[in-house]
Amino acid sequence: MSVFQNHYKNKVVFVTGHTGFKGAWLTQWLLELGAKVVGFSVDIPTTPSLFEALDLESQITHIVGDVRHLSAVKSALNDTKPDMLFHLAAQPLVKLSYDDPVATFETNVLGMLNVLEAGRTCESLKQMVLITSDKCYQNVEWEWGYRETDALGGDDPYSGSKGAAELVARSYMASYYKNDSAPRVAITRAGNVIGGGDWAKDRIIPDSVRAWSQGETVKIRSPKATRPWQHVLEPLSGYLHLGACLATQPECHGEPFNFGPNSQVNESVEVLLDAFGAHWDKAQWALEGTPPVAHENTLLKLCCDKALHYLEWQAVWGFSDTIKTTAQWYGNYYTNPDATPSLTKAQIQHYVESATQKGITWTA
């Protein structure tokens, strides 16, 4: 698979949060690219889990560690001497952030701080890609996409923790990562991702899969809320491409980048459920009896012009391809689970082929 100019082949790549949904997909893709992956995560966050379904532990250096502990992060980096780092470890759920705000802020803010502090003294490290969220922006629910220069903020603990993590990253990049011997660093923001292998609580696709696989009706909080739904491989291609660009394009150093779908892709939860449910037998949904108590934004999307201009990156799949591929993965998992690794690899290959057909730069 000759993507990203073979940048990752034989490189030692350190991934925090590799046992999570996005982390497991990224780990699998890195393995396909010939990387030697070191994973660092405190636990396997869900049952079932994509990490276990792909048997990734047997294929990588798997380290159990907590990003909230600086000594653990430093030891792991010093012991494994990675060339690159992708920081994905996080508490990623809005609802859980209300239930446990302290753990959310500790994981998302202190975790970012510790990765940056440990990274600046790791002599082998050359590039670092830090992943936050579109919810780092102060959401005023306007109709156009947020740009990288818009204000950071957050009206819930999750969003606040992501905004705060960005401020930590900005101060560290300006203070400690400016000299030529320091790793080059960039930060990324992506929106709602879907795809096979997500079993997190209080996410629309996993909640639907759990209900429909048992012949039950899924309960929905906000069917009119809109999101720029994208397949998980979309932002991952951006992260990988950005990591490669950091090696050759110094102007990317210290910069934030949004990764999201085409601006026309902004569908409601109701439309998403109807499209996804068309691939299931007897798929039904209904409103919850009471509205959500906590604050929940109904409109949020990103402007990705900067990624297009500097990186020549753009999304590959539209809404229908995203839904079809996600439904195919879950359908296969529940009927032929042993084929999960081969199907996951095939979907990565299919995504790359789709990008190649569109002439997207990172496939060259």
# chains A, B, ... in the order shown; residues from 1 in each chain; ligands from 1
>>> select_by_dssp(residues="range 45-199 of chain A", states="helix (DSSP H, G or I)", output="PyMOL selection string")
chain A and resi 50-53+56-59+70-80+94-99+101-119+134-136+157-176
>>> write_last_selection(atoms="C-alpha atoms", output="compact mmCIF listing (two decimals), in the first residue's frame")
# COMPACT_ATOMS: atom_id res chain seq x y z
CA LEU A 50 -12.44 -3.24 18.01
CA PHE A 51 -8.98 -3.62 19.54
CA GLU A 52 -9.80 -7.17 20.61
CA ALA A 53 -11.78 -8.03 17.48
CA LEU A 56 -4.06 -6.01 17.77
CA GLU A 57 -2.31 -6.83 21.03
CA SER A 58 -0.46 -9.71 19.35
CA GLN A 59 0.79 -7.46 16.54
CA LEU A 70 3.84 11.81 33.68
CA SER A 71 6.36 9.22 34.83
CA ALA A 72 4.52 6.46 32.99
CA VAL A 73 4.43 8.44 29.74
CA LYS A 74 8.11 9.39 30.01
CA SER A 75 9.18 5.81 30.75
CA ALA A 76 7.22 4.42 27.81
CA LEU A 77 8.72 6.94 25.39
CA ASN A 78 12.26 6.49 26.68
CA ASP A 79 11.99 2.70 26.57
CA THR A 80 10.52 2.41 23.06
CA VAL A 94 -20.09 14.31 26.53
CA LYS A 95 -22.60 12.59 28.83
CA LEU A 96 -19.86 10.94 30.87
CA SER A 97 -18.17 14.32 31.26
CA TYR A 98 -21.22 15.51 33.22
CA ASP A 99 -21.14 12.39 35.40
CA PRO A 101 -15.99 16.01 35.21
CA VAL A 102 -12.83 15.58 37.27
CA ALA A 103 -11.69 12.48 35.39
CA THR A 104 -12.62 14.18 32.13
CA PHE A 105 -10.47 17.24 32.81
CA GLU A 106 -7.63 15.14 34.22
CA THR A 107 -7.52 12.81 31.22
CA ASN A 108 -7.99 15.41 28.51
CA VAL A 109 -6.00 18.32 29.93
CA LEU A 110 -3.39 16.69 32.16
CA GLY A 111 -2.99 13.94 29.55
CA MET A 112 -2.15 16.54 26.89
CA LEU A 113 0.26 18.27 29.26
CA ASN A 114 2.07 15.03 30.10
CA VAL A 115 2.43 13.93 26.48
CA LEU A 116 3.91 17.30 25.53
CA GLU A 117 6.20 17.41 28.57
CA ALA A 118 7.47 13.86 27.95
CA GLY A 119 7.75 14.45 24.20
CA ASP A 134 -14.43 19.98 17.00
CA LYS A 135 -16.03 20.63 20.39
CA CYS A 136 -12.96 22.63 21.44
CA PRO A 157 -17.10 19.66 30.84
CA TYR A 158 -16.11 17.71 27.74
CA SER A 159 -15.93 20.77 25.48
CA GLY A 160 -14.21 22.79 28.19
CA SER A 161 -11.60 20.09 28.65
CA LYS A 162 -10.87 20.03 24.92
CA GLY A 163 -10.56 23.82 24.76
CA ALA A 164 -8.23 23.77 27.76
CA ALA A 165 -6.13 20.99 26.21
CA GLU A 166 -5.70 23.16 23.12
CA LEU A 167 -4.42 26.05 25.26
CA VAL A 168 -1.90 23.72 26.89
CA ALA A 169 -0.73 22.55 23.47
CA ARG A 170 -0.47 26.09 22.13
CA SER A 171 1.65 27.28 25.07
CA TYR A 172 3.97 24.26 24.87
CA MET A 173 4.43 24.55 21.11
CA ALA A 174 5.32 28.23 21.49
CA SER A 175 7.60 27.74 24.49
CA TYR A 176 9.38 24.41 24.02
>>> residues_around(residues="Val269 in chain A", least_positions_apart="6", cutoff="12 Å", atoms="only C-alpha atoms", output="ChimeraX atom specification")
/A:192,203-205,208,219-229,275-277,285-287,298-299
>>> closest_atom_pairs(of="range 106-206 of chain A", to="range 241-245 of chain A", cutoff="8 Å", atoms="only C-alpha atoms", output="tab-separated table")
residue	atom	partner	partner_atom	distance
A:Gln127	CA	A:Gly243	CA	6.5
A:Met128	CA	A:Gly243	CA	7.0
A:Val129	CA	A:Gly243	CA	6.2
A:Ala186	CA	A:Leu242	CA	7.8
>>> closest_residue(among="A:Ala89, A:Val232, A:Val67, A:Val193", to="Thr344 in chain A", atoms="only C-alpha atoms")
A:Val232
>>> atom_distance(atom1="CA of Gln91 in chain A", atom2="CA of Leu26 in chain A")
17.5 Å
>>> closest_residue(among="A:Lys36, A:His69, A:His309, A:His62", to="Asn258 in chain A", atoms="only C-alpha atoms")
A:His309
>>> closest_residue(among="A:Asp281, A:Asp155, A:Glu32, A:Asp180", to="Glu216 in chain A", atoms="only C-alpha atoms")
A:Asp281
>>> atom_distance(atom1="CA of Ala200 in chain A", atom2="CA of Ser49 in chain A")
9.1 Å
>>> closest_residue(among="A:Pro261, A:Gly238, A:Pro256, A:Gly65", to="Glu148 in chain A", atoms="only C-alpha atoms")
A:Pro256
>>> closest_residue(among="A:Ala35, A:Leu302, A:Gly191, A:Ser213", to="Asp150 in chain A", atoms="only C-alpha atoms")
A:Leu302
>>> residues_around(residues="range 2-15 of chain A", least_positions_apart="3", cutoff="7 Å", atoms="only C-alpha atoms", output="list of chain:residue names")
A:His18, A:Leu33, A:Gly34, A:Ala35, A:Lys36, A:Val37, A:Val38, A:Gly39, A:Phe40, A:Pro82, A:Asp83, A:Met84, A:Leu85, A:Phe86, A:His87, A:His241, A:Ala244, A:Trp362, A:Thr363, A:Ala364
>>> write_last_selection(atoms="N, CA and C atoms", output="JSON list (two decimals), in the first residue's frame")
[["chain", "number", "residue", "atom", "x", "y", "z"],
["A", 18, "HIS", "N", -4.70, 3.71, 21.90],
["A", 18, "HIS", "CA", -4.78, 2.77, 20.77],
["A", 18, "HIS", "C", -5.87, 1.71, 20.94],
["A", 33, "LEU", "N", 0.67, -0.03, 6.77],
["A", 33, "LEU", "CA", 1.70, 0.82, 6.17],
["A", 33, "LEU", "C", 3.11, 0.36, 6.53],
["A", 34, "GLY", "N", 3.21, -0.69, 7.32],
["A", 34, "GLY", "CA", 4.52, -1.23, 7.67],
["A", 34, "GLY", "C", 5.16, -0.61, 8.88],
["A", 35, "ALA", "N", 4.38, 0.11, 9.69],
["A", 35, "ALA", "CA", 4.92, 0.73, 10.90],
["A", 35, "ALA", "C", 5.06, -0.30, 12.02],
["A", 36, "LYS", "N", 5.95, 0.00, 12.96],
["A", 36, "LYS", "CA", 6.08, -0.76, 14.19],
["A", 36, "LYS", "C", 5.37, 0.05, 15.27],
["A", 37, "VAL", "N", 4.20, -0.41, 15.69],
["A", 37, "VAL", "CA", 3.33, 0.38, 16.54],
["A", 37, "VAL", "C", 3.58, 0.06, 18.02],
["A", 38, "VAL", "N", 3.69, 1.13, 18.80],
["A", 38, "VAL", "CA", 3.70, 1.04, 20.25],
["A", 38, "VAL", "C", 2.42, 1.68, 20.75],
["A", 39, "GLY", "N", 1.59, 0.92, 21.44],
["A", 39, "GLY", "CA", 0.34, 1.44, 21.96],
["A", 39, "GLY", "C", 0.42, 1.69, 23.45],
["A", 40, "PHE", "N", -0.18, 2.80, 23.89],
["A", 40, "PHE", "CA", -0.16, 3.17, 25.31],
["A", 40, "PHE", "C", -1.57, 3.55, 25.71],
["A", 82, "PRO", "N", 10.32, 6.05, 20.04],
["A", 82, "PRO", "CA", 9.54, 6.18, 18.81],
["A", 82, "PRO", "C", 10.05, 7.31, 17.91],
["A", 83, "ASP", "N", 9.78, 7.15, 16.61],
["A", 83, "ASP", "CA", 10.06, 8.21, 15.63],
["A", 83, "ASP", "C", 8.92, 9.23, 15.60],
["A", 84, "MET", "N", 7.69, 8.75, 15.83],
["A", 84, "MET", "CA", 6.50, 9.60, 15.72],
["A", 84, "MET", "C", 5.54, 9.28, 16.84],
["A", 85, "LEU", "N", 4.61, 10.22, 17.08],
["A", 85, "LEU", "CA", 3.61, 10.02, 18.12],
["A", 85, "LEU", "C", 2.26, 10.57, 17.65],
["A", 86, "PHE", "N", 1.22, 9.80, 17.89],
["A", 86, "PHE", "CA", -0.16, 10.25, 17.72],
["A", 86, "PHE", "C", -0.83, 10.17, 19.08],
["A", 87, "HIS", "N", -1.34, 11.32, 19.54],
["A", 87, "HIS", "CA", -1.96, 11.37, 20.87],
["A", 87, "HIS", "C", -3.48, 11.39, 20.72],
["A", 241, "HIS", "N", -1.58, 11.88, 6.98],
["A", 241, "HIS", "CA", -1.00, 12.78, 5.98],
["A", 241, "HIS", "C", -0.29, 13.95, 6.66],
["A", 244, "ALA", "N", 3.07, 12.91, 8.02],
["A", 244, "ALA", "CA", 4.08, 12.84, 6.96],
["A", 244, "ALA", "C", 4.50, 14.24, 6.52],
["A", 362, "TRP", "N", -2.41, 12.44, -1.00],
["A", 362, "TRP", "CA", -1.71, 11.50, -0.13],
["A", 362, "TRP", "C", -1.64, 10.08, -0.68],
["A", 363, "THR", "N", -2.34, 9.80, -1.77],
["A", 363, "THR", "CA", -2.27, 8.47, -2.36],
["A", 363, "THR", "C", -1.10, 8.33, -3.35],
["A", 364, "ALA", "N", -0.43, 9.43, -3.64],
["A", 364, "ALA", "CA", 0.64, 9.40, -4.64],
["A", 364, "ALA", "C", 1.85, 8.60, -4.16]]
>>> residues_around(residues="Ile323 in chain A", least_positions_apart="5", cutoff="10 Å", atoms="only C-alpha atoms", output="number ranges by chain")
A: 194-196, 229-231, 272-273, 275-279, 317-318, 328
>>> write_last_selection(atoms="N, CA and C atoms", output="PDB file, in the first residue's frame")
ATOM      1  N   ILE A 194     -18.155   7.999  12.468  1.00  0.00           N
ATOM      2  CA  ILE A 194     -18.842   6.720  12.601  1.00  0.00           C
ATOM      3  C   ILE A 194     -18.056   5.686  11.808  1.00  0.00           C
ATOM      4  N   GLY A 195     -18.364   4.430  12.040  1.00  0.00           N
ATOM      5  CA  GLY A 195     -17.659   3.352  11.369  1.00  0.00           C
ATOM      6  C   GLY A 195     -17.780   2.093  12.202  1.00  0.00           C
ATOM      7  N   GLY A 196     -17.421   0.981  11.617  1.00  0.00           N
ATOM      8  CA  GLY A 196     -17.522  -0.284  12.323  1.00  0.00           C
ATOM      9  C   GLY A 196     -16.612  -0.356  13.537  1.00  0.00           C
ATOM     10  N   TRP A 229     -21.498  14.126   9.731  1.00  0.00           N
ATOM     11  CA  TRP A 229     -21.084  12.729   9.900  1.00  0.00           C
ATOM     12  C   TRP A 229     -20.001  12.373   8.880  1.00  0.00           C
ATOM     13  N   GLN A 230     -18.981  11.665   9.343  1.00  0.00           N
ATOM     14  CA  GLN A 230     -17.931  11.200   8.449  1.00  0.00           C
ATOM     15  C   GLN A 230     -17.430   9.841   8.922  1.00  0.00           C
ATOM     16  N   HIS A 231     -16.929   9.046   7.981  1.00  0.00           N
ATOM     17  CA  HIS A 231     -16.363   7.754   8.352  1.00  0.00           C
ATOM     18  C   HIS A 231     -15.059   7.975   9.104  1.00  0.00           C
ATOM     19  N   LEU A 272     -29.812  10.200   9.616  1.00  0.00           N
ATOM     20  CA  LEU A 272     -28.789   9.177   9.823  1.00  0.00           C
ATOM     21  C   LEU A 272     -29.405   7.838  10.199  1.00  0.00           C
ATOM     22  N   LEU A 273     -30.349   7.862  11.133  1.00  0.00           N
ATOM     23  CA  LEU A 273     -30.974   6.623  11.590  1.00  0.00           C
ATOM     24  C   LEU A 273     -31.771   5.943  10.483  1.00  0.00           C
ATOM     25  N   ALA A 275     -31.254   6.182   7.265  1.00  0.00           N
ATOM     26  CA  ALA A 275     -30.320   5.645   6.265  1.00  0.00           C
ATOM     27  C   ALA A 275     -29.615   4.392   6.788  1.00  0.00           C
ATOM     28  N   PHE A 276     -29.157   4.438   8.033  1.00  0.00           N
ATOM     29  CA  PHE A 276     -28.462   3.291   8.615  1.00  0.00           C
ATOM     30  C   PHE A 276     -29.441   2.141   8.844  1.00  0.00           C
ATOM     31  N   GLY A 277     -30.652   2.468   9.299  1.00  0.00           N
ATOM     32  CA  GLY A 277     -31.654   1.437   9.571  1.00  0.00           C
ATOM     33  C   GLY A 277     -32.110   0.694   8.335  1.00  0.00           C
ATOM     34  N   ALA A 278     -31.948   1.305   7.140  1.00  0.00           N
ATOM     35  CA  ALA A 278     -32.336   0.640   5.897  1.00  0.00           C
ATOM     36  C   ALA A 278     -31.502  -0.607   5.635  1.00  0.00           C
ATOM     37  N   HIS A 279     -30.370  -0.728   6.304  1.00  0.00           N
ATOM     38  CA  HIS A 279     -29.495  -1.897   6.131  1.00  0.00           C
ATOM     39  C   HIS A 279     -29.760  -2.966   7.192  1.00  0.00           C
ATOM     40  N   TRP A 317     -15.211   9.937   1.020  1.00  0.00           N
ATOM     41  CA  TRP A 317     -16.528   9.331   0.902  1.00  0.00           C
ATOM     42  C   TRP A 317     -17.634  10.324   1.227  1.00  0.00           C
ATOM     43  N   GLY A 318     -18.759  10.169   0.550  1.00  0.00           N
ATOM     44  CA  GLY A 318     -19.953  10.922   0.879  1.00  0.00           C
ATOM     45  C   GLY A 318     -20.764  10.214   1.943  1.00  0.00           C
ATOM     46  N   GLN A 328     -22.120  -2.421   6.666  1.00  0.00           N
ATOM     47  CA  GLN A 328     -21.486  -3.661   6.221  1.00  0.00           C
ATOM     48  C   GLN A 328     -20.595  -4.235   7.322  1.00  0.00           C
TER      49      GLN A 328
END
>>> atom_distance(atom1="CA of Ile187 in chain A", atom2="CA of Ser133 in chain A")
9.8 Å
>>> residues_around(residues="Glu234 in chain A", least_positions_apart="5", cutoff="10 Å", atoms="only C-alpha atoms", output="ChimeraX atom specification")
/A:190,193-194,239,259-261,313-317,322,351
>>> write_last_selection(atoms="N, CA and C atoms", output="tab-separated table (two decimals), in the first residue's frame")
chain	number	residue	atom	x	y	z
A	190	ALA	N	-11.47	17.17	14.71
A	190	ALA	CA	-12.40	16.46	13.83
A	190	ALA	C	-13.74	16.32	14.53
A	193	VAL	N	-17.43	11.05	14.12
A	193	VAL	CA	-17.04	9.97	13.23
A	193	VAL	C	-17.87	8.73	13.52
A	194	ILE	N	-18.16	8.00	12.47
A	194	ILE	CA	-18.84	6.72	12.60
A	194	ILE	C	-18.06	5.69	11.81
A	239	TYR	N	-4.82	12.74	9.73
A	239	TYR	CA	-3.78	12.64	10.75
A	239	TYR	C	-2.50	12.05	10.16
A	259	PHE	N	-10.31	18.57	10.22
A	259	PHE	CA	-10.54	17.49	9.26
A	259	PHE	C	-12.01	17.09	9.33
A	260	GLY	N	-12.72	17.28	8.24
A	260	GLY	CA	-14.14	16.97	8.22
A	260	GLY	C	-14.63	16.70	6.81
A	261	PRO	N	-15.90	16.35	6.68
A	261	PRO	CA	-16.46	16.02	5.37
A	261	PRO	C	-16.74	17.26	4.54
A	313	TRP	N	-5.56	18.11	1.42
A	313	TRP	CA	-6.39	17.01	1.95
A	313	TRP	C	-7.85	17.36	1.77
A	314	GLN	N	-8.64	16.35	1.41
A	314	GLN	CA	-10.09	16.49	1.38
A	314	GLN	C	-10.73	15.16	1.66
A	315	ALA	N	-11.99	15.20	2.07
A	315	ALA	CA	-12.72	13.97	2.37
A	315	ALA	C	-12.92	13.14	1.10
A	316	VAL	N	-13.06	11.84	1.29
A	316	VAL	CA	-13.16	10.91	0.16
A	316	VAL	C	-14.59	10.42	-0.04
A	317	TRP	N	-15.21	9.94	1.02
A	317	TRP	CA	-16.53	9.33	0.90
A	317	TRP	C	-17.63	10.32	1.23
A	322	THR	N	-20.41	6.29	3.51
A	322	THR	CA	-20.11	6.17	4.93
A	322	THR	C	-21.10	5.26	5.64
A	351	TYR	N	-11.06	2.35	0.91
A	351	TYR	CA	-10.99	3.80	1.11
A	351	TYR	C	-9.81	4.40	0.34
>>> select_by_dssp(residues="range 38-232 of chain A", states="strand (DSSP E or B)", output="number ranges by chain")
A: 38-41, 61-64, 84-87, 127-131, 137, 146, 152, 184-190, 193-194, 218-220, 226-227, 230-231
